[in-house]
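Asks: Coordinates in entry-v5.cif, mmCIF, C-alpha atoms and all ligand atoms, are listed below.
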```
data_upload
loop_
_atom_site.label_atom_id
_atom_site.label_comp_id
_atom_site.auth_asym_id
_atom_site.auth_seq_id
_atom_site.Cartn_x
_atom_site.Cartn_y
_atom_site.Cartn_z
CA MET A 21 -159.34 17.81 -25.57
CA PHE A 22 -162.41 18.88 -23.54
CA GLU A 23 -165.02 18.40 -26.27
CA GLY A 24 -168.44 17.61 -24.85
CA LYS A 25 -167.42 18.50 -21.29
CA HIS A 26 -169.42 21.06 -19.32
CA ILE A 27 -167.17 22.99 -17.00
CA VAL A 28 -168.52 25.49 -14.49
CA VAL A 29 -165.92 28.09 -13.51
CA GLY A 30 -166.58 29.98 -10.28
CA ILE A 31 -164.72 33.28 -10.09
CA THR A 32 -164.34 34.88 -6.69
CA GLY A 33 -163.18 38.34 -5.69
CA GLY A 34 -159.39 38.14 -5.62
CA ILE A 35 -157.16 40.37 -7.73
CA ALA A 36 -156.23 37.22 -9.71
CA ALA A 37 -159.81 37.21 -11.08
CA TYR A 38 -158.46 38.74 -14.30
CA LYS A 39 -156.20 35.70 -14.75
CA ALA A 40 -159.28 33.46 -14.79
CA ALA A 41 -160.19 35.13 -18.10
CA GLU A 42 -157.26 33.37 -19.79
CA LEU A 43 -158.28 30.07 -18.19
CA VAL A 44 -161.86 30.39 -19.46
CA SER A 45 -160.61 31.29 -22.93
CA GLN A 46 -158.26 28.29 -23.03
CA LEU A 47 -160.99 25.91 -21.83
CA ARG A 48 -163.30 27.07 -24.60
CA GLN A 49 -160.53 26.84 -27.19
CA ARG A 50 -160.01 23.25 -26.09
CA GLY A 51 -163.64 22.44 -26.79
CA ALA A 52 -165.28 22.75 -23.35
CA ASP A 53 -168.73 24.22 -22.79
CA VAL A 54 -167.87 26.79 -20.11
CA HIS A 55 -170.32 28.43 -17.72
CA CYS A 56 -169.09 31.16 -15.40
CA ILE A 57 -170.51 32.11 -12.05
CA MET A 58 -169.01 35.21 -10.45
CA THR A 59 -169.37 36.45 -6.91
CA GLU A 60 -170.51 40.05 -6.43
CA HIS A 61 -166.94 40.99 -5.42
CA ALA A 62 -165.43 39.36 -8.51
CA ALA A 63 -167.87 41.30 -10.68
CA GLN A 64 -166.49 44.52 -9.13
CA LEU A 65 -162.98 43.56 -10.27
CA VAL A 66 -163.67 42.24 -13.78
CA SER A 67 -166.81 42.85 -15.78
CA PRO A 68 -169.04 39.79 -16.27
CA ILE A 69 -169.15 40.86 -19.93
CA THR A 70 -165.52 39.70 -20.27
CA PHE A 71 -166.37 36.21 -19.04
CA GLY A 72 -169.57 36.16 -21.12
CA GLU A 73 -167.62 36.94 -24.28
CA LEU A 74 -164.85 34.46 -23.52
CA SER A 75 -167.14 31.59 -22.49
CA GLY A 76 -169.86 32.25 -25.07
CA ASN A 77 -172.47 31.69 -22.35
CA ASP A 78 -174.44 33.89 -19.95
CA VAL A 79 -172.57 34.74 -16.76
CA THR A 80 -174.45 34.35 -13.51
CA VAL A 81 -173.74 36.64 -10.59
CA ASN A 82 -176.96 37.25 -8.74
CA MET A 83 -179.34 34.52 -7.63
CA PHE A 84 -182.33 36.66 -8.43
CA ALA A 85 -181.45 38.39 -11.69
CA ASN A 86 -181.03 37.34 -15.30
CA ILE A 87 -183.19 34.23 -15.04
CA SER A 88 -182.97 33.09 -18.62
CA HIS A 89 -185.01 29.89 -18.32
CA TRP A 90 -187.32 28.40 -15.75
CA ASP A 91 -185.01 25.72 -14.56
CA VAL A 92 -183.84 26.51 -11.04
CA GLN A 93 -180.54 27.94 -12.21
CA HIS A 94 -178.18 26.90 -9.44
CA ILE A 95 -179.50 23.36 -9.61
CA ALA A 96 -179.35 23.36 -13.42
CA LEU A 97 -175.67 24.35 -13.48
CA ALA A 98 -174.82 22.06 -10.59
CA ARG A 99 -176.32 19.16 -12.54
CA LEU A 100 -174.87 20.15 -15.87
CA ALA A 101 -171.29 20.34 -14.60
CA ASP A 102 -168.82 17.55 -15.40
CA LEU A 103 -166.37 19.58 -13.37
CA PHE A 104 -166.49 22.60 -11.10
CA VAL A 105 -163.44 24.86 -10.95
CA ILE A 106 -163.18 27.73 -8.45
CA ALA A 107 -160.48 30.04 -9.79
CA PRO A 108 -159.31 32.12 -8.13
CA ALA A 109 -160.57 30.74 -4.82
CA THR A 110 -160.43 33.34 -2.04
CA ALA A 111 -160.09 32.53 1.66
CA ASN A 112 -163.76 33.50 1.83
CA ILE A 113 -165.13 30.85 -0.60
CA ILE A 114 -162.79 28.24 0.89
CA GLY A 115 -164.15 29.10 4.34
CA LYS A 116 -167.74 29.10 3.21
CA ALA A 117 -167.44 25.78 1.37
CA ALA A 118 -165.66 24.17 4.32
CA CYS A 119 -168.41 25.32 6.70
CA GLY A 120 -171.35 24.50 4.46
CA ILE A 121 -172.46 28.08 3.87
CA ALA A 122 -174.52 28.71 0.73
CA ASP A 123 -175.43 32.39 0.65
CA ASP A 124 -174.94 33.39 -2.99
CA MET A 125 -175.16 31.88 -6.45
CA LEU A 126 -171.67 30.39 -6.47
CA SER A 127 -171.63 28.86 -2.99
CA THR A 128 -175.17 27.52 -3.48
CA THR A 129 -174.40 25.90 -6.83
CA LEU A 130 -171.20 24.47 -5.39
CA MET A 131 -173.18 22.95 -2.54
CA ALA A 132 -175.63 21.38 -4.97
CA THR A 133 -173.16 19.73 -7.32
CA LYS A 134 -172.03 16.13 -7.39
CA ALA A 135 -169.33 16.89 -9.95
CA PRO A 136 -165.66 16.82 -8.95
CA VAL A 137 -164.53 20.21 -7.63
CA LEU A 138 -161.14 21.85 -8.09
CA PHE A 139 -160.19 24.87 -5.97
CA VAL A 140 -157.41 27.15 -7.19
CA PRO A 141 -156.53 29.31 -4.17
CA ALA A 142 -154.86 32.68 -4.75
CA MET A 143 -154.37 35.21 -1.96
CA ASN A 144 -151.86 37.09 0.16
CA THR A 145 -149.30 34.80 1.85
CA ASN A 146 -150.41 35.67 5.39
CA MET A 147 -153.99 34.88 4.51
CA TYR A 148 -152.96 31.60 2.88
CA GLU A 149 -150.86 30.59 5.86
CA ASN A 150 -153.53 31.55 8.39
CA PRO A 151 -154.23 28.37 10.37
CA ILE A 152 -157.96 28.74 9.91
CA VAL A 153 -157.57 28.87 6.11
CA GLN A 154 -155.23 25.88 6.27
CA ARG A 155 -157.73 23.98 8.41
CA ASN A 156 -160.48 24.80 5.91
CA ILE A 157 -158.33 23.54 3.03
CA ARG A 158 -157.74 20.30 4.95
CA THR A 159 -161.48 19.98 5.52
CA LEU A 160 -162.15 20.41 1.79
CA ARG A 161 -159.54 17.81 0.87
CA GLU A 162 -160.93 15.37 3.42
CA ALA A 163 -164.35 15.86 1.86
CA GLY A 164 -162.93 14.82 -1.52
CA TYR A 165 -162.38 18.20 -3.15
CA THR A 166 -159.09 18.88 -4.93
CA VAL A 167 -157.27 21.99 -3.75
CA MET A 168 -154.26 23.11 -5.81
CA GLU A 169 -151.16 24.56 -4.21
CA PRO A 170 -150.65 28.22 -5.09
CA GLU A 171 -147.32 29.30 -6.57
CA SER A 172 -144.72 31.39 -4.81
CA GLY A 173 -143.59 34.73 -6.20
CA HIS A 174 -144.62 38.34 -6.53
CA LEU A 175 -148.11 39.09 -5.19
CA ALA A 176 -150.53 41.88 -6.03
CA CYS A 177 -150.07 43.35 -2.53
CA ASN A 178 -146.45 44.08 -3.60
CA THR A 179 -144.97 41.40 -1.40
CA SER A 180 -143.47 38.10 -2.33
CA GLY A 181 -144.47 34.67 -1.07
CA LYS A 182 -146.82 31.76 -1.52
CA GLY A 183 -150.24 32.62 -2.83
CA ARG A 184 -149.89 33.34 -6.55
CA PHE A 185 -152.47 32.07 -9.00
CA PRO A 186 -150.83 29.11 -10.83
CA LYS A 187 -150.01 29.21 -14.52
CA THR A 188 -152.90 28.43 -16.84
CA GLU A 189 -151.09 25.31 -18.12
CA ALA A 190 -150.84 23.91 -14.58
CA ILE A 191 -154.56 24.47 -13.97
CA LEU A 192 -155.49 22.92 -17.34
CA SER A 193 -153.43 19.90 -16.45
CA GLU A 194 -155.26 19.52 -13.10
CA ILE A 195 -158.56 19.87 -14.95
CA GLU A 196 -157.59 17.14 -17.38
CA LYS A 197 -156.60 14.95 -14.47
CA ALA A 198 -159.89 15.62 -12.66
CA LEU A 199 -161.93 14.83 -15.78
CA PHE A 200 -160.04 11.84 -17.16
CA GLY A 201 -157.65 10.52 -14.51
CA GLN A 202 -158.58 7.35 -12.65
CA HIS A 203 -155.77 7.35 -10.07
CA LEU A 204 -154.49 4.12 -11.64
CA LEU A 205 -150.90 4.70 -10.49
CA ARG A 206 -151.46 6.47 -7.17
CA GLY A 207 -148.50 5.87 -4.88
CA LYS A 208 -146.37 4.37 -7.68
CA LYS A 209 -142.96 5.65 -8.73
CA VAL A 210 -142.42 5.67 -12.48
CA ILE A 211 -139.20 6.45 -14.36
CA VAL A 212 -139.19 7.09 -18.09
CA SER A 213 -136.24 7.68 -20.39
CA ALA A 214 -136.81 9.80 -23.48
CA GLY A 215 -135.09 11.25 -26.51
CA GLY A 216 -131.97 10.33 -28.41
CA THR A 217 -128.55 10.15 -26.78
CA LYS A 218 -125.72 12.31 -28.12
CA GLU A 219 -122.19 10.92 -28.17
CA ASN A 220 -119.54 13.60 -28.56
CA ILE A 221 -116.99 13.43 -31.36
CA ASP A 222 -115.38 16.70 -30.35
CA PRO A 223 -116.63 19.79 -28.46
CA VAL A 224 -118.89 20.83 -31.35
CA ARG A 225 -119.98 17.58 -33.03
CA TYR A 226 -121.83 14.51 -31.89
CA ILE A 227 -123.35 11.26 -33.11
CA GLY A 228 -127.09 11.36 -32.56
CA ASN A 229 -130.32 9.90 -33.89
CA ARG A 230 -133.75 11.03 -35.05
CA SER A 231 -135.64 10.42 -31.80
CA SER A 232 -137.65 13.51 -30.76
CA GLY A 233 -138.48 12.31 -27.24
CA LYS A 234 -142.22 12.78 -27.88
CA MET A 235 -143.15 9.17 -27.06
CA GLY A 236 -141.33 9.17 -23.71
CA TYR A 237 -142.76 12.57 -22.77
CA ALA A 238 -146.27 11.34 -23.64
CA ILE A 239 -145.81 8.30 -21.39
CA ALA A 240 -144.52 10.48 -18.54
CA ARG A 241 -147.48 12.80 -18.93
CA ALA A 242 -149.97 9.91 -18.99
CA ALA A 243 -148.39 8.45 -15.84
CA ALA A 244 -148.64 11.81 -14.05
CA MET A 245 -152.31 12.01 -15.08
CA GLU A 246 -152.80 8.73 -13.23
CA ASP A 247 -151.22 10.18 -10.06
CA ALA A 248 -147.82 8.47 -10.37
CA ASP A 249 -144.68 10.09 -9.01
CA VAL A 250 -142.84 10.49 -12.31
CA THR A 251 -139.20 11.19 -13.18
CA LEU A 252 -138.15 11.70 -16.78
CA VAL A 253 -134.56 11.03 -17.75
CA SER A 254 -134.35 13.10 -20.89
CA CYS A 255 -131.80 13.66 -23.65
CA THR A 256 -133.79 16.55 -25.09
CA GLU A 257 -134.41 19.99 -23.65
CA GLU A 258 -136.65 20.97 -26.55
CA LEU A 259 -139.95 19.62 -25.25
CA PRO A 260 -142.08 21.20 -22.50
CA VAL A 261 -141.85 19.16 -19.29
CA PRO A 262 -145.33 17.80 -18.43
CA GLU A 263 -146.92 19.29 -15.31
CA GLY A 264 -146.06 17.46 -12.13
CA VAL A 265 -143.15 15.56 -13.72
CA ARG A 266 -139.54 15.81 -12.47
CA VAL A 267 -136.85 15.83 -15.11
CA ARG A 268 -133.17 14.94 -15.17
CA TYR A 269 -131.32 15.96 -18.31
CA VAL A 270 -128.57 13.71 -19.60
CA GLN A 271 -126.58 13.72 -22.78
CA ASN A 272 -125.05 10.36 -23.58
CA ALA A 273 -125.65 6.67 -22.88
CA ARG A 274 -123.32 6.53 -19.91
CA GLU A 275 -125.02 9.48 -18.19
CA MET A 276 -128.39 7.94 -18.92
CA LYS A 277 -127.30 4.60 -17.46
CA GLN A 278 -126.09 6.31 -14.31
CA ALA A 279 -129.40 8.17 -13.88
CA MET A 280 -131.59 5.13 -14.61
CA ASP A 281 -129.54 2.85 -12.35
CA ALA A 282 -129.75 5.37 -9.49
CA LEU A 283 -133.54 5.66 -9.77
CA PHE A 284 -134.33 2.02 -10.55
CA ASP A 285 -134.23 0.38 -7.10
CA ALA A 286 -136.92 2.63 -5.64
CA CYS A 287 -139.19 2.66 -8.69
CA ASP A 288 -142.23 0.50 -9.45
CA VAL A 289 -142.24 0.99 -13.21
CA ALA A 290 -139.36 1.76 -15.58
CA VAL A 291 -139.99 2.60 -19.23
CA MET A 292 -136.98 2.84 -21.56
CA ALA A 293 -138.43 4.88 -24.40
CA ALA A 294 -135.11 6.56 -25.21
CA ALA A 295 -133.20 5.81 -28.40
CA VAL A 296 -129.82 4.96 -26.95
CA SER A 297 -126.78 5.01 -29.18
CA ASP A 298 -125.33 1.50 -29.37
CA TYR A 299 -121.86 2.97 -29.92
CA ARG A 300 -119.83 5.92 -28.71
CA THR A 301 -116.64 7.45 -30.02
CA LYS A 302 -113.60 5.70 -28.67
CA ASN A 303 -111.36 8.76 -28.49
CA GLU A 304 -113.40 11.91 -28.02
CA SER A 305 -111.28 14.82 -29.19
CA PRO A 306 -110.85 17.52 -26.55
CA ARG A 307 -110.40 20.08 -29.35
CA LYS A 308 -112.40 20.74 -32.50
CA ILE A 309 -111.16 18.48 -35.28
CA LYS A 310 -109.84 20.65 -38.15
CA LYS A 311 -110.34 19.59 -41.74
CA GLU A 312 -106.95 21.07 -42.56
CA ASP A 313 -105.38 18.29 -40.47
CA HIS A 314 -107.15 15.35 -42.16
CA ASP A 315 -107.75 14.40 -45.77
CA ALA A 316 -109.93 11.56 -44.58
CA LEU A 317 -111.18 10.97 -41.09
CA THR A 318 -111.79 7.68 -39.35
CA ILE A 319 -113.73 7.74 -36.12
CA GLN A 320 -113.45 4.59 -34.05
CA LEU A 321 -116.53 3.54 -32.12
CA GLU A 322 -116.90 1.33 -29.08
CA LEU A 323 -119.97 -0.40 -27.71
CA ASN A 324 -122.16 1.39 -25.16
CA PRO A 325 -123.69 -0.47 -22.23
CA ASP A 326 -127.22 -1.79 -22.89
CA ILE A 327 -129.05 0.08 -20.12
CA LEU A 328 -132.27 -1.87 -20.44
CA TYR A 329 -130.50 -5.20 -20.34
CA GLY A 330 -128.74 -4.10 -17.14
CA LEU A 331 -132.06 -3.11 -15.55
CA GLY A 332 -133.53 -6.49 -16.57
CA GLN A 333 -130.67 -8.24 -14.78
CA LYS A 334 -131.23 -6.48 -11.47
CA LYS A 335 -135.01 -6.35 -11.66
CA GLN A 336 -136.91 -7.42 -8.55
CA HIS A 337 -140.46 -6.13 -8.11
CA GLN A 338 -140.20 -3.54 -10.90
CA PHE A 339 -142.34 -3.63 -14.05
CA LEU A 340 -139.90 -3.11 -16.89
CA VAL A 341 -140.88 -1.83 -20.33
CA GLY A 342 -138.68 -1.60 -23.40
CA PHE A 343 -139.11 -0.35 -26.94
CA ALA A 344 -138.15 -1.99 -30.18
CA ALA A 345 -137.89 0.05 -33.33
CA GLU A 346 -137.51 -2.36 -36.23
CA THR A 347 -137.83 -2.25 -39.99
CA ASN A 348 -138.66 -5.94 -40.56
CA ASP A 349 -139.96 -8.99 -38.65
CA VAL A 350 -141.08 -6.63 -35.89
CA ILE A 351 -142.95 -9.16 -33.77
CA GLU A 352 -140.29 -11.86 -34.00
CA HIS A 353 -137.53 -9.44 -33.05
CA GLY A 354 -139.76 -8.03 -30.32
CA LYS A 355 -140.40 -11.44 -28.73
CA GLU A 356 -136.73 -12.23 -28.75
CA LYS A 357 -135.85 -8.88 -27.19
CA LEU A 358 -138.49 -9.22 -24.47
CA GLU A 359 -136.99 -12.56 -23.41
CA ARG A 360 -133.35 -11.59 -23.69
CA LYS A 361 -133.75 -8.32 -21.78
CA ASN A 362 -136.08 -9.86 -19.15
CA LEU A 363 -138.90 -7.38 -19.79
CA ASP A 364 -142.53 -7.36 -18.69
CA MET A 365 -143.75 -5.43 -21.73
CA LEU A 366 -142.27 -4.47 -25.05
CA VAL A 367 -143.60 -1.74 -27.32
CA ALA A 368 -142.74 -2.82 -30.85
CA ASN A 369 -143.04 -0.61 -33.87
CA ASP A 370 -142.13 -0.84 -37.50
CA VAL A 371 -140.35 2.44 -38.14
CA SER A 372 -140.44 1.88 -41.90
CA GLN A 373 -144.23 2.47 -41.90
CA ALA A 374 -145.56 5.98 -42.57
CA GLY A 375 -146.91 7.41 -39.30
CA ALA A 376 -144.71 5.30 -37.01
CA GLY A 377 -141.43 5.84 -35.25
CA PHE A 378 -139.05 8.75 -35.04
CA ASN A 379 -139.82 12.44 -35.18
CA VAL A 380 -143.51 12.14 -36.07
CA SER A 381 -146.41 12.76 -33.70
CA THR A 382 -148.14 9.43 -34.38
CA ASN A 383 -147.16 5.83 -33.84
CA ILE A 384 -148.31 2.32 -34.76
CA ALA A 385 -147.46 -0.14 -32.04
CA SER A 386 -147.87 -3.69 -30.84
CA LEU A 387 -147.59 -4.44 -27.16
CA LEU A 388 -145.95 -7.76 -26.32
CA TYR A 389 -146.20 -9.22 -22.84
CA ARG A 390 -144.21 -11.59 -20.73
CA ASP A 391 -146.95 -14.23 -20.85
CA HIS A 392 -146.51 -14.39 -24.67
CA THR A 393 -149.75 -12.50 -25.33
CA MET A 394 -149.83 -9.55 -27.68
CA GLU A 395 -152.05 -6.62 -28.61
CA GLN A 396 -151.84 -4.69 -31.87
CA PHE A 397 -153.02 -1.09 -32.11
CA PRO A 398 -153.95 1.08 -35.09
CA ILE A 399 -152.21 4.39 -35.86
CA MET A 400 -152.79 6.91 -33.07
CA THR A 401 -151.09 10.00 -31.66
CA LYS A 402 -148.17 9.46 -29.33
CA GLU A 403 -150.26 11.14 -26.59
CA GLU A 404 -152.98 8.49 -27.10
CA LEU A 405 -150.49 5.65 -27.24
CA GLY A 406 -148.89 6.98 -24.05
CA ARG A 407 -152.25 6.67 -22.28
CA VAL A 408 -152.79 3.15 -23.68
CA ILE A 409 -149.34 2.02 -22.49
CA ILE A 410 -149.92 3.44 -19.00
CA ARG A 411 -153.36 1.81 -18.77
CA LYS A 412 -151.92 -1.55 -19.82
CA ILE A 413 -149.09 -1.25 -17.31
CA ALA A 414 -151.55 -0.38 -14.53
CA GLU A 415 -153.69 -3.44 -15.40
CA ARG A 416 -150.67 -5.69 -14.99
CA LEU A 417 -149.05 -4.21 -11.89
O1 LIG Y 501 -131.59 -3.80 -28.59
P1 LIG Y 501 -132.28 -2.58 -28.99
O2 LIG Y 501 -131.41 -1.35 -29.04
O3 LIG Y 501 -133.09 -2.69 -30.22
O4 LIG Y 501 -133.35 -2.35 -27.80
C1 LIG Y 501 -134.14 -1.21 -27.71
C2 LIG Y 501 -134.51 -1.00 -26.28
O5 LIG Y 501 -133.33 -1.05 -25.47
C3 LIG Y 501 -135.10 0.37 -26.03
O6 LIG Y 501 -136.04 0.29 -24.98
C4 LIG Y 501 -133.89 1.20 -25.66
O7 LIG Y 501 -134.25 2.30 -24.84
C5 LIG Y 501 -133.02 0.21 -24.92
N1 LIG Y 501 -131.56 0.38 -25.08
C6 LIG Y 501 -130.77 0.56 -23.96
N2 LIG Y 501 -129.41 0.68 -24.08
C7 LIG Y 501 -128.82 0.62 -25.28
C8 LIG Y 501 -129.60 0.42 -26.43
C9 LIG Y 501 -130.96 0.30 -26.30
O8 LIG Y 501 -131.31 0.60 -22.87
N3 LIG Y 501 -127.51 0.76 -25.35
#
```
Starting from the file, lay out its structure as structure tokens.

Replies:
Amino acid sequence: MFEGKHIVVGITGGIAAYKAAELVSQLRQRGADVHCIMTEHAAQLVSPITFGELSGNDVTVNMFANISHWDVQHIALARLADLFVIAPATANIIGKAACGIADDMLSTTLMATKAPVLFVPAMNTNMYENPIVQRNIRTLREAGYTVMEPESGHLACNTSGKGRFPKTEAILSEIEKALFGQHLLRGKKVIVSAGGTKENIDPVRYIGNRSSGKMGYAIARAAAMEDADVTLVSCTEELPVPEGVRVRYVQNAREMKQAMDALFDACDVAVMAAAVSDYRTKNESPRKIKKEDHDALTIQLELNPDILYGLGQKKQHQFLVGFAAETNDVIEHGKEKLERKNLDMLVANDVSQAGAGFNVSTNIASLLYRDHTMEQFPIMTKEELGRVIIRKIAERL
């Protein structure tokens, strides 16, 4: 994920310094070239040897020690960095950076870099809420730095409140956004449906389908990476919810319709990636059906509402995207569906091909547009296709 990226991690002297070890390890495992700079206080809390081992590179603490090559080291790292992460960021480094103080290796390198900078504050709640710290955070944001919000919960000082170091996954997601995001959907509201609906037969059985939800989740994640305000309407609880994405769980087509209809008016983009059951049971049994009572069983089905069609009917400014999973004449069926459902884009795939469709992590898709143009894509992961779809939507908004 981070192959070829040089990430400088600045570790300052908060108790959460030990949590930065996991972050550094994860960055390296994901292919990044990680260089750690520790403040003197951080080096009192966790040995630089730990960060050296985990990053695979020399750790710099002191400006005037360990000069391993004759490049001016703070300038060399400042230049090398594709991204600078300060984790944990104490009130002290936030204050120094906001005031332009460069009095040690970390603050000096930070001053010298042109790379994007991500601060991950972690401190006692009272310190975090101190108006001077808050003013400094505002100053950093105004200057173009990204400052994450700390989490709330138990703190090292044995109190509870805002100031906890965020989970590694949340920081990794911010890092990905800082490295690859282009703010393509800033200020846009995106809703995405995902997974396969489940229509109850009785309290223990349902009619479902093979959809895993992976495609919809990948689209939601890609939209969040581009700064959209994203809500997932999901039929599956199996997949991890992407960072920064809101989720509403639903079970069947009618619940999904209700959720999508409620969110549609205020959204800018709606993507129906869910596999919605065309039919539901006509008479859902309130009790478990017993085989002793039936030699043969007939279940009557009735038609579900077509959610996407309904959205197409009431569409105003929204950009509406549908999916078509077909086994033959994919493009022809796709074109027809795009027209009939009043869509702006249709993602068509031939689910009979190996590597496409349900319950696999890759897909082979063609994107059809309202203006009758079309783009065909080779096999790629659903994560990659999610990013392609979001980029294409952003181009057309
Ligand atoms: O007509 P068909 O089911 O092939 O269309 C697929 C598209 O319509 C998908 O985007 C799917 O999410 C959506 N759909 C829907 N409501 C249904 C059936 C499908 O919104 N009842």

Asks: For Gly375 (chain A), list every protein, DNA or RNA residue within 10 Å, evaluated using all atoms listed in the file, and leave out those in the same chain fewer than 5 positions away; present the list as number ranges by chain.

Replies: A: 370, 380-384, 399-401

Asks: Can you pull out every residue with an atom within 9 Å of ligand LIG 501 (chain Y)? Use only C-alpha atoms and all ligand atoms and format it as a VMD selection string.

Replies: chain A and resid 213 to 214 273 to 274 276 to 277 291 to 299 323 to 331 341 to 346 353 to 354 357 361 366 to 367

Asks: Hey, could you pull the box centre and edge lengths for region 35-40 of chain A, axis-aligned, 6 Å padding per side, all listed atoms, to one decimal in Å, as AutoDock Vina command-line options?

Replies:
```
--center_x -158.0 --center_y 36.9 --center_z -11.3 --size_x 15.6 --size_y 18.9 --size_z 19.1
```

Asks: Using only C-alpha atoms, which of the listed residues (A:Met58, A:Ile319, A:Ala109, A:Met394) sits closest to Glu304 (chain A)?

Replies: A:Ile319

Asks: Region 145-244 of chain A near region 26-39 of chain A within 10 Å: what's each residue's closest atom pair and its distance in Å to one decimal, counting all atoms listed in the file, ordered by chain then ascending residue number, as a Markdown table?

Replies:
```
| residue | atom | partner | partner_atom | distance |
| --- | --- | --- | --- | --- |
| A:Leu175 | CA | A:Ala36 | CA | 9.5 |
| A:Ala176 | CA | A:Ile35 | CA | 7.0 |
| A:Cys177 | CA | A:Ile35 | CA | 9.3 |
| A:Arg184 | CA | A:Ala36 | CA | 8.1 |
| A:Phe185 | CA | A:Ala36 | CA | 6.4 |
| A:Pro186 | CA | A:Lys39 | CA | 9.4 |
| A:Lys187 | CA | A:Lys39 | CA | 9.0 |
| A:Thr188 | CA | A:Lys39 | CA | 8.3 |
| A:Ile195 | CA | A:Ile27 | CA | 9.4 |
| A:Leu199 | CA | A:Ile27 | CA | 9.8 |
```

Asks: Which neighbours of Lys218 (chain A) fall inside 9 Å, counting all atoms listed in the file, when residues of the same chain fewer than 2 positions from it are skipped, and could you give them as a list of chain:residue names?

Replies: A:Gly216, A:Asn220, A:Tyr226, A:Ile227, A:Gly228, A:Asn229, A:Cys255, A:Gln271, A:Asn272, A:Ala273, A:Val296, A:Ser297, A:Arg300

Asks: Just checking: using all atoms listed in the file, which residue out of A:Asn77, A:Thr59, A:Gln64, A:Ser231 ends up closest to Val44 (chain A)?

Replies: A:Asn77

Asks: Which residue, A:Ala190, A:Ile106, A:Val265, A:Met245, has the smallest gap to Phe139 (chain A) when you use all atoms listed in the file?

Replies: A:Ile106
